[in-house]
Amino acid sequence: METFLIKAAQLIAAFALLVIIHEFGHYIFARMFGIKVEKFYLFFDPWFSLFKYKPKKKTTKTDPNGEERATWRDTEYGIGWLPLGGYVKIAGMIDESMDKEQLAQEPKSWEFRSKPAYQRLLVMVAGVLMNFILAIIIYAGIAWYWGEKYIPLDKAYEGMDYAEAAQEIGFRNGDIPLFADGEKLEVAKGNYLLEMAEAKTVTVLRNHKDTVDIAIPENFILRLNDEERFLTYRLPVYIGDIVNGEPAKEAGLQKGDRIVSVAGAPTLAYTEFTAELQKNAGKDITMGIIRDGKPMDVAITPTSGGKIGIQLKPITDIYPVVTRHYTFLQSIPKGWEIGTNRLSSYVSSMKYVATAEGAKSLGGFGAIGSLFPDKWNWLSFWEITAFLSVALAFMNILPIPALDGGHIMFLIYEIVSRRKPSEKFMEYAQICGMAFLLVLLLYANGNDLYRFIFK
């Protein structure tokens, strides 16, 4: 339960930030052009809101036409109870509010529909723009504050553990990935997993001596299990601490020992170690270790649950970690580089969504929440938030009515053809777009529920 609450808190915090920044983009550009914004809400507020604030007008200003000029005091600011997004209600705009009564009246000079097409276009683009800028700022902040830390692939001497789908096409646990289509794989580039999944051939180092070329099938990325990464670093079993009264203490194991076999079976990585302990739970066995560079055997009896009472050294204390530091000025172009790389990778991966396998992999709030770690970690939180900001920017620019991209599509048509789509057409387009998004939302979250229950 605690893990669920921590993940939920991180999801809500990230989601709230992204929604506020996105809607603020629409709001600030609308205000720049003198457009009245009637509501600015975090989350949706059908029937009631958790909080709302409506400033009182102190002065009345008029525009050159003698009409009352819109100000920030015209806006009701609030927090809704339904955490599915947020919105700004812009006067004179056909949006999710479907305010037909207002649209039936004569247009006012401060309404969205009365402004030039280029101004309306900028208002609609602003939300997406703000999300992408936020991602760049976060990535720049991470580079400046934490630096860039990574373990080079060729320095992870025990190699990688691979997903089942990867092993089916020729990868073996322990392989060290070196090249994708002849290009050296670099962790620092950030998208090396996608490069491997989309390559035609990946070259690995096997058994620390042989190079092997592995052919990657077309659309291989779709065969990867939703809950498994393509690969993970193998963690050698070094003892970081020992629990008093447990089998490891009684057997004489010490901090710094490396466990390399259990009951004669090699356990060069933690995944193999835990599997062998489970097989030999409650049995008297011999465990092979290396202490101060010397191999030796230790007699031990794991508990009935397959435990021996040790804590492992973290992977960053085993493999060499490279840290690249950036000054404040250097972090800005680095943030841009990471942001554009993440956007490019995300856009590239979206081509798989149109396939049957890709549709099955779609996830909703549960899938997004699972991205966050079990314990609150600020670095992980900001990295995931920045990625979600990139994803939100791209998804919103898609030319689907009811999304920003749909409005942008119709505005570009208006600018090019110099003909404005009728309000009736825009209403129907909005309804169709909202229906499509509702079905997509239900389908994606239905996938989450199905995976939770049946997998």
# chains A, B, ... in the order shown; residues from 1 in each chain; ligands from 1
call {"tool": "residues_around", "arguments": {"residues": "stretch 19-24 of chain A", "least_positions_apart": "4", "cutoff": "7 Å", "atoms": "only C-alpha atoms", "output": "list of chain:residue names"}}
result
A:Phe15, A:Ile28, A:Leu42, A:Gly85, A:Gly86, A:Tyr87, A:Val88, A:Gly127, A:Val128, A:Met130, A:Asn131
call {"tool": "write_last_selection", "arguments": {"atoms": "N, CA and C atoms", "output": "PDB file, in the first residue's frame"}}
result
ATOM      1  N   PHE A  15       1.864  15.266 -12.822  1.00  0.00           N
ATOM      2  CA  PHE A  15       0.722  15.570 -13.684  1.00  0.00           C
ATOM      3  C   PHE A  15       0.228  16.994 -13.440  1.00  0.00           C
ATOM      4  N   ILE A  28      -1.416  32.710 -20.967  1.00  0.00           N
ATOM      5  CA  ILE A  28      -0.575  33.905 -21.081  1.00  0.00           C
ATOM      6  C   ILE A  28      -0.620  34.473 -22.491  1.00  0.00           C
ATOM      7  N   LEU A  42      -6.900  23.608 -12.680  1.00  0.00           N
ATOM      8  CA  LEU A  42      -6.136  22.372 -12.579  1.00  0.00           C
ATOM      9  C   LEU A  42      -7.135  21.261 -12.274  1.00  0.00           C
ATOM     10  N   GLY A  85      -6.789  15.964 -16.121  1.00  0.00           N
ATOM     11  CA  GLY A  85      -6.209  17.023 -16.934  1.00  0.00           C
ATOM     12  C   GLY A  85      -6.490  18.376 -16.325  1.00  0.00           C
ATOM     13  N   GLY A  86      -6.739  19.354 -17.156  1.00  0.00           N
ATOM     14  CA  GLY A  86      -7.051  20.700 -16.713  1.00  0.00           C
ATOM     15  C   GLY A  86      -7.479  21.497 -17.935  1.00  0.00           C
ATOM     16  N   TYR A  87      -7.850  22.758 -17.742  1.00  0.00           N
ATOM     17  CA  TYR A  87      -8.301  23.531 -18.897  1.00  0.00           C
ATOM     18  C   TYR A  87      -8.315  25.016 -18.594  1.00  0.00           C
ATOM     19  N   VAL A  88      -8.248  25.800 -19.665  1.00  0.00           N
ATOM     20  CA  VAL A  88      -8.589  27.214 -19.601  1.00  0.00           C
ATOM     21  C   VAL A  88      -9.791  27.412 -20.520  1.00  0.00           C
ATOM     22  N   GLY A 127       0.519  26.028 -25.509  1.00  0.00           N
ATOM     23  CA  GLY A 127       0.511  24.964 -24.511  1.00  0.00           C
ATOM     24  C   GLY A 127       1.578  23.916 -24.795  1.00  0.00           C
ATOM     25  N   VAL A 128       1.639  23.473 -26.048  1.00  0.00           N
ATOM     26  CA  VAL A 128       2.649  22.494 -26.467  1.00  0.00           C
ATOM     27  C   VAL A 128       4.046  23.077 -26.299  1.00  0.00           C
ATOM     28  N   MET A 130       5.079  25.382 -24.234  1.00  0.00           N
ATOM     29  CA  MET A 130       5.449  25.488 -22.824  1.00  0.00           C
ATOM     30  C   MET A 130       5.860  24.132 -22.254  1.00  0.00           C
ATOM     31  N   ASN A 131       5.185  23.054 -22.660  1.00  0.00           N
ATOM     32  CA  ASN A 131       5.573  21.726 -22.181  1.00  0.00           C
ATOM     33  C   ASN A 131       6.962  21.340 -22.659  1.00  0.00           C
TER      34      ASN A 131
END
call {"tool": "residues_around", "arguments": {"residues": "A:Pro152", "least_positions_apart": "5", "cutoff": "9 Å", "atoms": "only C-alpha atoms", "output": "short mmCIF file (atom, residue, chain, number, x, y, z; two decimals) with N, CA and C atoms, in the first residue's frame"}}
result
data_model
loop_
_atom_site.label_atom_id
_atom_site.label_comp_id
_atom_site.auth_asym_id
_atom_site.auth_seq_id
_atom_site.Cartn_x
_atom_site.Cartn_y
_atom_site.Cartn_z
N GLU A 186 26.38 4.15 -26.95
CA GLU A 186 26.81 5.03 -25.87
C GLU A 186 25.64 5.29 -24.92
N VAL A 187 25.83 4.96 -23.64
CA VAL A 187 24.78 5.22 -22.65
C VAL A 187 24.50 6.71 -22.56
N ALA A 188 25.54 7.52 -22.70
CA ALA A 188 25.40 8.97 -22.54
C ALA A 188 24.46 9.57 -23.58
N TYR A 319 30.60 -1.36 -10.44
CA TYR A 319 31.08 -0.95 -11.76
C TYR A 319 31.53 0.52 -11.70
N PRO A 320 32.51 0.89 -12.53
CA PRO A 320 32.94 2.30 -12.54
C PRO A 320 31.84 3.21 -13.10
N VAL A 321 31.59 4.28 -12.39
CA VAL A 321 30.58 5.24 -12.79
C VAL A 321 31.25 6.49 -13.35
N VAL A 322 30.82 6.90 -14.52
CA VAL A 322 31.34 8.12 -15.14
C VAL A 322 30.38 9.26 -14.83
#
call {"tool": "residues_around", "arguments": {"residues": "A:Ala393", "least_positions_apart": "6", "cutoff": "12 Å", "atoms": "only C-alpha atoms", "output": "PyMOL selection string"}}
result
chain A and resi 18-19+21-23+25+124-136+339-340+342-343+346-347+386-387+403-405
call {"tool": "write_last_selection", "arguments": {"atoms": "C-alpha atoms", "output": "JSON list (two decimals), in the first residue's frame"}}
result
[["chain", "number", "residue", "atom", "x", "y", "z"],
["A", 18, "LEU", "CA", 2.56, 19.53, -16.48],
["A", 19, "VAL", "CA", -1.10, 20.55, -16.68],
["A", 21, "ILE", "CA", 2.41, 24.74, -17.33],
["A", 22, "HIS", "CA", 0.49, 23.62, -20.42],
["A", 23, "GLU", "CA", -2.62, 25.62, -19.60],
["A", 25, "GLY", "CA", 0.86, 28.70, -22.05],
["A", 124, "MET", "CA", -3.15, 27.14, -29.41],
["A", 125, "VAL", "CA", 0.54, 26.38, -30.02],
["A", 126, "ALA", "CA", 1.54, 27.93, -26.68],
["A", 127, "GLY", "CA", 0.51, 24.96, -24.51],
["A", 128, "VAL", "CA", 2.65, 22.49, -26.47],
["A", 129, "LEU", "CA", 5.51, 24.98, -26.59],
["A", 130, "MET", "CA", 5.45, 25.49, -22.82],
["A", 131, "ASN", "CA", 5.57, 21.73, -22.18],
["A", 132, "PHE", "CA", 8.60, 21.31, -24.42],
["A", 133, "ILE", "CA", 10.33, 24.31, -22.84],
["A", 134, "LEU", "CA", 9.61, 22.85, -19.39],
["A", 135, "ALA", "CA", 11.24, 19.56, -20.41],
["A", 136, "ILE", "CA", 14.36, 21.37, -21.62],
["A", 339, "GLY", "CA", 15.02, 17.17, -24.81],
["A", 340, "THR", "CA", 15.26, 16.91, -28.58],
["A", 342, "ARG", "CA", 13.82, 12.29, -26.10],
["A", 343, "LEU", "CA", 11.31, 13.86, -28.49],
["A", 346, "TYR", "CA", 9.32, 9.17, -28.65],
["A", 347, "VAL", "CA", 8.14, 10.20, -32.11],
["A", 386, "ALA", "CA", 10.59, 15.79, -18.10],
["A", 387, "PHE", "CA", 9.92, 12.75, -20.29],
["A", 403, "LEU", "CA", -6.66, 18.42, -28.97],
["A", 404, "ASP", "CA", -4.51, 21.50, -29.56],
["A", 405, "GLY", "CA", -3.31, 19.89, -32.77]]
call {"tool": "residues_around", "arguments": {"residues": "A:Ala367", "least_positions_apart": "4", "cutoff": "12 Å", "atoms": "only C-alpha atoms", "output": "count of residues only"}}
result
19
call {"tool": "closest_residue", "arguments": {"among": "A:Ser345, A:Ser49, A:Gln105, A:Ser422", "to": "A:Ile79", "atoms": "only C-alpha atoms"}}
result
A:Ser49
